[in-house]
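Structure data follow from input.cif (mmCIF, C-alpha atoms):
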data_start
#
loop_
_atom_site.label_atom_id
_atom_site.label_comp_id
_atom_site.auth_asym_id
_atom_site.auth_seq_id
_atom_site.Cartn_x
_atom_site.Cartn_y
_atom_site.Cartn_z
CA MET A 1 -8.70 -15.33 -11.46
CA LEU A 2 -5.84 -12.87 -11.81
CA LYS A 3 -6.84 -11.99 -15.39
CA LYS A 4 -10.45 -11.51 -14.31
CA GLU A 5 -9.49 -9.13 -11.49
CA LEU A 6 -7.08 -7.16 -13.69
CA HIS A 7 -9.79 -6.88 -16.33
CA THR A 8 -12.15 -5.54 -13.66
CA PHE A 9 -9.65 -2.84 -12.72
CA PHE A 10 -8.68 -1.73 -16.21
CA SER A 11 -11.96 -2.20 -18.08
CA SER A 12 -13.67 0.20 -15.68
CA PRO A 13 -12.70 3.66 -14.39
CA ILE A 14 -11.55 2.24 -11.03
CA GLY A 15 -7.92 1.51 -11.86
CA TYR A 16 -7.44 4.65 -13.94
CA LEU A 17 -9.13 6.83 -11.32
CA VAL A 18 -6.91 5.56 -8.52
CA ILE A 19 -3.75 6.05 -10.60
CA ALA A 20 -4.89 9.54 -11.66
CA LEU A 21 -5.61 10.57 -8.06
CA PHE A 22 -2.22 9.28 -6.96
CA VAL A 23 -0.33 11.13 -9.72
CA ILE A 24 -2.30 14.38 -9.35
CA PHE A 25 -2.01 14.48 -5.54
CA ASN A 26 1.74 13.86 -5.59
CA GLY A 27 2.29 16.26 -8.46
CA LEU A 28 0.46 19.06 -6.69
CA PHE A 29 2.28 18.67 -3.38
CA LEU A 30 5.73 17.97 -4.83
CA PHE A 31 5.82 20.63 -7.56
CA ILE A 32 2.89 23.07 -7.34
CA PHE A 33 1.79 23.82 -3.78
CA GLN A 34 4.18 26.05 -1.86
CA THR A 35 4.58 23.79 1.16
CA GLU A 36 7.49 22.05 2.88
CA PHE A 37 6.91 19.11 0.54
CA ASN A 38 7.70 21.10 -2.61
CA ILE A 39 10.86 19.61 -4.15
CA LEU A 40 11.66 22.71 -6.19
CA ASN A 41 11.84 24.84 -3.03
CA ALA A 42 13.73 22.35 -0.89
CA GLY A 43 17.21 23.48 -1.86
CA PHE A 44 18.46 19.92 -2.33
CA ALA A 45 17.57 17.15 -4.76
CA ASP A 46 15.92 14.17 -3.07
CA LEU A 47 12.58 12.38 -2.95
CA ASN A 48 12.06 12.42 0.81
CA SER A 49 8.79 14.33 0.42
CA PHE A 50 7.43 11.72 -1.99
CA PHE A 51 8.37 8.84 0.29
CA PHE A 52 6.76 10.62 3.23
CA LEU A 53 3.47 11.36 1.43
CA THR A 54 2.97 8.08 -0.42
CA PRO A 55 2.46 5.79 2.61
CA TRP A 56 -0.29 8.13 3.80
CA LEU A 57 -1.90 8.00 0.37
CA PHE A 58 -1.71 4.20 0.50
CA VAL A 59 -3.62 4.23 3.80
CA PHE A 60 -6.64 5.59 1.90
CA LEU A 61 -6.15 4.51 -1.73
CA ILE A 62 -5.47 0.82 -1.12
CA PRO A 63 -8.63 0.30 1.00
CA ALA A 64 -10.51 2.02 -1.84
CA ILE A 65 -9.02 -0.50 -4.29
CA THR A 66 -9.70 -3.60 -2.15
CA MET A 67 -13.04 -2.74 -0.52
CA ARG A 68 -15.00 -4.37 -3.37
CA SER A 69 -12.99 -7.59 -3.36
CA PHE A 70 -15.40 -9.72 -1.33
CA SER A 71 -18.04 -7.23 -0.16
CA ASP A 72 -19.45 -7.19 -3.70
CA GLU A 73 -19.58 -10.99 -3.73
CA ILE A 74 -21.34 -11.02 -0.35
CA HIS A 75 -23.77 -8.25 -1.33
CA GLY A 76 -24.61 -9.87 -4.67
CA GLY A 77 -24.92 -13.36 -3.21
CA THR A 78 -22.29 -14.70 -5.62
CA ILE A 79 -19.83 -15.77 -2.93
CA GLU A 80 -21.25 -19.31 -2.90
CA ILE A 81 -20.91 -19.56 -6.69
CA LEU A 82 -17.33 -18.32 -6.42
CA LYS A 83 -16.52 -20.96 -3.81
CA THR A 84 -17.93 -23.78 -5.97
CA LYS A 85 -15.63 -22.98 -8.89
CA PRO A 86 -12.90 -25.57 -9.60
CA ILE A 87 -10.21 -23.46 -7.94
CA ARG A 88 -9.10 -23.35 -4.33
CA ILE A 89 -10.07 -20.49 -2.04
CA TRP A 90 -6.43 -19.48 -1.57
CA GLN A 91 -6.10 -19.20 -5.36
CA ILE A 92 -9.08 -16.85 -5.48
CA ILE A 93 -7.58 -14.70 -2.74
CA LEU A 94 -4.12 -14.78 -4.31
CA GLY A 95 -5.62 -13.65 -7.62
CA LYS A 96 -7.30 -10.69 -5.96
CA PHE A 97 -4.11 -9.90 -4.03
CA LEU A 98 -1.85 -9.98 -7.09
CA SER A 99 -4.22 -7.89 -9.21
CA SER A 100 -4.22 -5.13 -6.58
CA PHE A 101 -0.45 -5.43 -6.20
CA ILE A 102 0.08 -5.10 -9.96
CA LEU A 103 -2.10 -1.99 -9.95
CA ILE A 104 0.14 -0.49 -7.24
CA ILE A 105 3.25 -1.35 -9.28
CA VAL A 106 1.78 0.41 -12.33
CA MET A 107 0.96 3.37 -10.08
CA LEU A 108 4.53 3.56 -8.78
CA LEU A 109 5.98 3.22 -12.29
CA THR A 110 4.36 6.54 -13.17
CA THR A 111 6.54 8.18 -10.50
CA LEU A 112 9.85 7.20 -12.11
CA VAL A 113 9.71 10.58 -13.80
CA TYR A 114 10.38 12.06 -10.36
CA ILE A 115 13.74 10.29 -10.26
CA TYR A 116 14.65 11.77 -13.64
CA THR A 117 13.59 15.22 -12.39
CA ILE A 118 15.74 14.91 -9.27
CA TYR A 119 18.63 13.59 -11.36
CA GLN A 120 18.47 16.70 -13.55
CA LEU A 121 18.12 19.08 -10.60
CA GLY A 122 21.12 17.71 -8.71
CA LYS A 123 24.27 19.83 -8.45
CA PRO A 124 26.36 18.36 -9.92
CA GLN A 125 23.83 16.68 -12.17
CA GLY A 126 23.09 13.12 -11.05
CA ASN A 127 24.10 13.77 -7.45
CA ILE A 128 21.37 11.64 -5.83
CA ASP A 129 21.38 8.69 -3.45
CA PHE A 130 20.13 5.80 -5.62
CA ALA A 131 20.54 3.26 -2.80
CA SER A 132 18.07 5.04 -0.52
CA ILE A 133 15.66 5.64 -3.42
CA ILE A 134 15.66 1.96 -4.38
CA GLY A 135 15.28 0.99 -0.73
CA ALA A 136 12.34 3.37 -0.29
CA TYR A 137 10.58 1.96 -3.37
CA ILE A 138 11.07 -1.56 -2.01
CA GLY A 139 9.67 -0.34 1.30
CA LEU A 140 6.61 1.05 -0.49
CA LEU A 141 6.01 -2.33 -2.16
CA PHE A 142 6.19 -4.08 1.21
CA LEU A 143 3.77 -1.51 2.65
CA ALA A 144 1.41 -1.99 -0.28
CA SER A 145 1.52 -5.76 0.21
CA SER A 146 0.52 -5.38 3.87
CA PHE A 147 -2.23 -2.85 3.18
CA ILE A 148 -3.67 -5.01 0.38
CA SER A 149 -3.77 -8.02 2.70
CA ILE A 150 -5.54 -5.95 5.34
CA GLY A 151 -7.97 -4.64 2.74
CA LEU A 152 -8.82 -8.12 1.46
CA PHE A 153 -9.52 -9.36 4.97
CA THR A 154 -11.71 -6.40 5.91
CA SER A 155 -13.66 -6.82 2.66
CA THR A 156 -14.92 -10.16 4.02
CA LEU A 157 -16.36 -8.56 7.15
CA SER A 158 -19.32 -6.70 5.62
CA LYS A 159 -21.32 -6.31 2.43
CA ASN A 160 -21.29 -2.54 2.95
CA GLN A 161 -18.32 -1.09 1.09
CA ILE A 162 -18.23 2.11 3.16
CA VAL A 163 -17.99 0.09 6.37
CA VAL A 164 -15.27 -2.07 4.81
CA PHE A 165 -13.36 1.02 3.66
CA LEU A 166 -13.46 2.64 7.11
CA ILE A 167 -12.35 -0.54 8.90
CA ALA A 168 -9.49 -1.00 6.42
CA VAL A 169 -8.34 2.63 6.79
CA PHE A 170 -8.45 2.43 10.59
CA THR A 171 -6.58 -0.90 10.71
CA SER A 172 -3.99 0.26 8.18
CA PHE A 173 -3.41 3.52 10.07
CA LEU A 174 -3.13 1.72 13.41
CA LEU A 175 -0.57 -0.77 12.13
CA PHE A 176 1.34 1.82 10.12
CA TYR A 177 1.61 4.73 12.53
CA GLY A 178 -0.55 4.00 15.54
CA PHE A 179 2.20 2.29 17.49
CA GLU A 180 4.34 5.42 17.17
CA PHE A 181 1.78 7.14 19.43
CA ILE A 182 1.17 4.16 21.69
CA ALA A 183 4.92 3.73 22.31
CA VAL A 184 5.17 6.90 24.43
CA PHE A 185 3.15 5.17 27.19
CA PHE A 186 5.65 2.31 27.55
CA THR A 187 9.12 2.07 29.03
CA ASP A 188 10.58 0.18 26.07
CA ILE A 189 9.52 2.64 23.37
CA LEU A 190 11.65 1.10 20.62
CA LEU A 191 10.18 -2.39 21.14
CA VAL A 192 6.59 -1.10 20.88
CA LYS A 193 7.42 0.91 17.76
CA LYS A 194 8.74 -2.23 16.09
CA ILE A 195 5.27 -3.75 16.30
CA GLY A 196 4.10 -1.17 13.77
CA MET A 197 5.01 -0.87 10.10
CA TYR A 198 6.45 2.64 10.25
CA ALA A 199 9.71 1.70 11.99
CA HIS A 200 10.36 -1.15 9.55
CA PHE A 201 9.53 1.03 6.55
CA GLN A 202 11.94 3.69 7.82
CA ASN A 203 14.71 1.09 8.11
CA ILE A 204 14.25 -0.12 4.53
CA SER A 205 13.94 3.46 3.24
CA ARG A 206 17.49 4.15 4.35
CA GLY A 207 18.69 1.75 1.68
CA VAL A 208 19.59 -1.09 4.06
CA ILE A 209 17.52 -4.23 3.48
CA ASP A 210 17.47 -6.00 6.86
CA THR A 211 16.06 -9.53 6.86
CA ARG A 212 14.14 -8.73 10.07
CA ASP A 213 12.21 -5.98 8.27
CA VAL A 214 11.56 -8.23 5.27
CA ILE A 215 10.33 -11.06 7.49
CA TYR A 216 8.09 -8.63 9.38
CA PHE A 217 6.27 -7.46 6.24
CA ILE A 218 6.00 -10.94 4.73
CA SER A 219 4.63 -12.31 8.02
CA LEU A 220 2.11 -9.48 8.35
CA SER A 221 0.84 -9.97 4.80
CA ALA A 222 0.67 -13.75 5.24
CA PHE A 223 -1.21 -13.37 8.53
CA PHE A 224 -4.00 -11.25 7.03
CA LEU A 225 -4.19 -13.44 3.91
CA LEU A 226 -4.60 -16.46 6.18
CA LEU A 227 -7.37 -14.66 8.08
CA THR A 228 -9.00 -13.93 4.72
CA VAL A 229 -8.91 -17.61 3.73
CA LEU A 230 -10.45 -18.66 7.05
CA LYS A 231 -13.16 -15.99 6.84
CA VAL A 232 -14.10 -16.82 3.23
CA LYS A 233 -14.49 -20.48 4.22
CA GLU A 234 -17.04 -19.41 6.82
CA LEU A 235 -19.11 -17.32 4.41
#
Since I need it in another form, could you write the structure as structure tokens?
Amino acid sequence: MLKKELHTFFSSPIGYLVIALFVIFNGLFLFIFQTEFNILNAGFADLNSFFFLTPWLFVFLIPAITMRSFSDEIHGGTIEILKTKPIRIWQIILGKFLSSFILIIVMLLTTLVYIYTIYQLGKPQGNIDFASIIGAYIGLLFLASSFISIGLFTSTLSKNQIVVFLIAVFTSFLLFYGFEFIAVFFTDILLVKKIGMYAHFQNISRGVIDTRDVIYFISLSAFFLLLTVLKVKEL
């Protein structure tokens, strides 16, 4: 199943288009556009701008990657055929999950050139915080895992890919940053913020891998994958 899904991504323009959009968008904002995100104008060598922009890109790009996962099967009437294959439903879902996750890894690998750029720009050369960079990349992988799980679940809710995409974007945004807004209406602001992904991503991005943050992301991904399994069984 994994090979089939990877072949779908890389034998069609989908995978290459998503990677190209990711690279072009980041390249423009980090090195071309004269904004506060431009690394060359920042005056110090770090990748904070990249790690700020990328989660927001994920909110839109990952739903675009996953929206076809089951909506195509539902629309084409092939979901029943898929379920009768000699593999378990969780294996089908895991294959779709891993294929999307591998695509995100390939996407992030293209950004390693940014680390080299920052390394060269540092004064003295190489004066960068590798711990926080590694932590932020790990945080991005956890975020991607959660967004992919959300995208897979929402793809089971409708045969219309646009509807699926919008639901996935809304859910991803709500769980990523929505609780930052909601928290201001509660007395215990910190507790409410911890319900969302942003606070946990920020913790990991500082280069400190706390087991509570790891458990949060693993639990969130597992929860939506479980919902996906239950929903596919109903289809």
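Atom CA of A:Ser205 sits 5.8 Å away from atom CA of A:Ser132.
In this structure, atom CA of A:Ile104 sits 7.2 Å away from atom CA of A:Ala144.
Minimum atom-to-atom distances from A:Ser155, A:Ile133, A:Ile148, A:Leu140 to A:Glu73 were compared using all atoms listed in the file, and the lowest value belongs to A:Ser155.
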Inset, instruction - Apply the PyMOL selection byres ((chain A and resi 80) around 12) to the structure shown and report the selected residues as a ChimeraX atom specification. - result: /A:70,73-79,81-85,89,232-235
Go ahead and write the selection's residues with C-alpha atoms as a tab-separated table (two decimals), in the coordinates of the input.
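Resulting contents of again_27.tsv:
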chain	number	residue	atom	x	y	z
A	70	PHE	CA	-15.40	-9.72	-1.33
A	73	GLU	CA	-19.58	-10.99	-3.73
A	74	ILE	CA	-21.34	-11.02	-0.35
A	75	HIS	CA	-23.77	-8.25	-1.33
A	76	GLY	CA	-24.61	-9.87	-4.67
A	77	GLY	CA	-24.92	-13.36	-3.21
A	78	THR	CA	-22.29	-14.70	-5.62
A	79	ILE	CA	-19.83	-15.77	-2.93
A	81	ILE	CA	-20.91	-19.56	-6.69
A	82	LEU	CA	-17.33	-18.32	-6.42
A	83	LYS	CA	-16.52	-20.96	-3.81
A	84	THR	CA	-17.93	-23.78	-5.97
A	85	LYS	CA	-15.63	-22.98	-8.89
A	89	ILE	CA	-10.07	-20.49	-2.04
A	232	VAL	CA	-14.10	-16.82	3.23
A	233	LYS	CA	-14.49	-20.48	4.22
A	234	GLU	CA	-17.04	-19.41	6.82
A	235	LEU	CA	-19.11	-17.32	4.41
Legend entry - Neighbour list for stretch 189-198 of chain A as a PyMOL selection string, cut-off 12 Å, all atoms listed in the file, skip fewer than 2 positions in-chain: chain A and resi 51-52+55-56+59+139-140+142-147+171-187+200-205+212-221
Legend entry - Given only C-alpha atoms as the counted atoms, nearest of A:Lys123, A:Lys96, A:Lys159, A:Arg206 to A:Gly135: A:Arg206
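Atom CA of A:Thr110 to atom CA of A:Val23 spans 7.4 Å [interatomic distance, one decimal].
Distances to A:Arg68 were evaluated for A:Thr154, A:Val106, A:Gln120, A:Ile209 using all atoms listed in the file, and the minimum falls at A:Thr154.
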